[in-house]
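First up is the structure itself, then whatever we jot down about it.
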Amino acid sequence: MRELAYSQPRPQVMAIDIPIGLTECGPRECDLEARRLLGVGRASSVFPAPIRPVLAAATYPEACRIRQQVEGKKMSKQAWLITPKIREVDALMREDSELRRRAREIHPEVCFYFLAGRRPMTYSKKSKMGQEERRRLLEPNFGQRLREALEQRGKLACAVDDVLDAFAALWTAERIATGLAQTIPTEPPKDTYGLRMEINA
């Protein structure tokens, strides 16, 4: 993340699929609203961001103990697996107020929801039908570049759905840069360190 954030030329907008801004206890409003928008079938793709206290944990059992003390329940393994990335992003955002303007949280399924005219995807992104559904939405915006990226995904060690998600993030990054993006929620709250808890699309 640091290497990308401070590369030259410096990115004006970084749309990242990593939670930015964490609660001390309880779910983030943006995650709850995103799940409501996506509805049955796609809501599960938005899993709750970890609460801030678990960032201090060194192991999964320790993270579970911390969350058990704070909220009375354990942490999901899925949330724990991305905690190192969340910790890295959180540290950078807290130390650099300028980066807070450039780095914005997105979620691919929320991006596709808005790209499809406020309609959740019908199929899982891991299925062939789901990948074709998402590719058709991206094609008008990215055309040949999308096709080339999909053809070269082997060199990038990426799965098809990873490439499609990256282009959905790029679509949102362009909307952020031009002032067309929307935030969930409309008036995002800030966490203890002043980081906006929002999902952009």
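Labels used: A, B, ... for chains in the order of the structure tokens, numbers from 1 for residues in each chain, and numbers from 1 for ligands as shown.
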Cut-off 9 Å: closest region 69-179 of chain A/region 20-39 of chain A atom pairs per residue, using only C-alpha atoms, as CSV:
residue,atom,partner,partner_atom,distance
A:Val70,CA,A:Cys25,CA,6.8
A:Glu71,CA,A:Cys25,CA,6.8
A:Ile86,CA,A:Ile20,CA,7.4
A:Val89,CA,A:Ile20,CA,7.3
A:Asp90,CA,A:Ile20,CA,6.6
A:Met93,CA,A:Ile20,CA,8.2
A:Ala103,CA,A:Ile20,CA,8.8
A:Arg104,CA,A:Ile20,CA,7.6
A:Glu105,CA,A:Ile20,CA,6.1
A:His107,CA,A:Ala34,CA,8.8
A:Glu109,CA,A:Leu38,CA,7.8
A:Val110,CA,A:Ala34,CA,6.8
A:Tyr113,CA,A:Leu38,CA,7.2
A:Arg118,CA,A:Leu37,CA,8.3
A:Arg119,CA,A:Leu38,CA,7.7
A:Pro120,CA,A:Leu38,CA,5.2
A:Met121,CA,A:Leu38,CA,8.0
List as JSON lines every residue of region 48-124 of chain A that is in contact with region 191-195 of chain A, defined as an atom at most 10 Å from one of its atoms (using only C-alpha atoms), together with the nearest atom pair and the distance in Å rounded to one decimal, sorted by chain and then rising number.
{"residue": "A:Arg52", "atom": "CA", "partner": "A:Thr192", "partner_atom": "CA", "distance": 9.3}
{"residue": "A:Asp90", "atom": "CA", "partner": "A:Leu195", "partner_atom": "CA", "distance": 8.8}
{"residue": "A:Met93", "atom": "CA", "partner": "A:Leu195", "partner_atom": "CA", "distance": 7.6}
{"residue": "A:Arg94", "atom": "CA", "partner": "A:Tyr193", "partner_atom": "CA", "distance": 6.7}
{"residue": "A:Glu95", "atom": "CA", "partner": "A:Tyr193", "partner_atom": "CA", "distance": 10.0}
{"residue": "A:Ser97", "atom": "CA", "partner": "A:Leu195", "partner_atom": "CA", "distance": 9.3}
{"residue": "A:Arg100", "atom": "CA", "partner": "A:Leu195", "partner_atom": "CA", "distance": 7.4}
Note to self: Can you tell me which residues surround Thr83 (chain A) at a distance of at most 12 Å, considering only C-alpha atoms, apart from same-chain residues fewer than 2 positions away, and format the answer as a count of residues only?
What the structure shows: 31
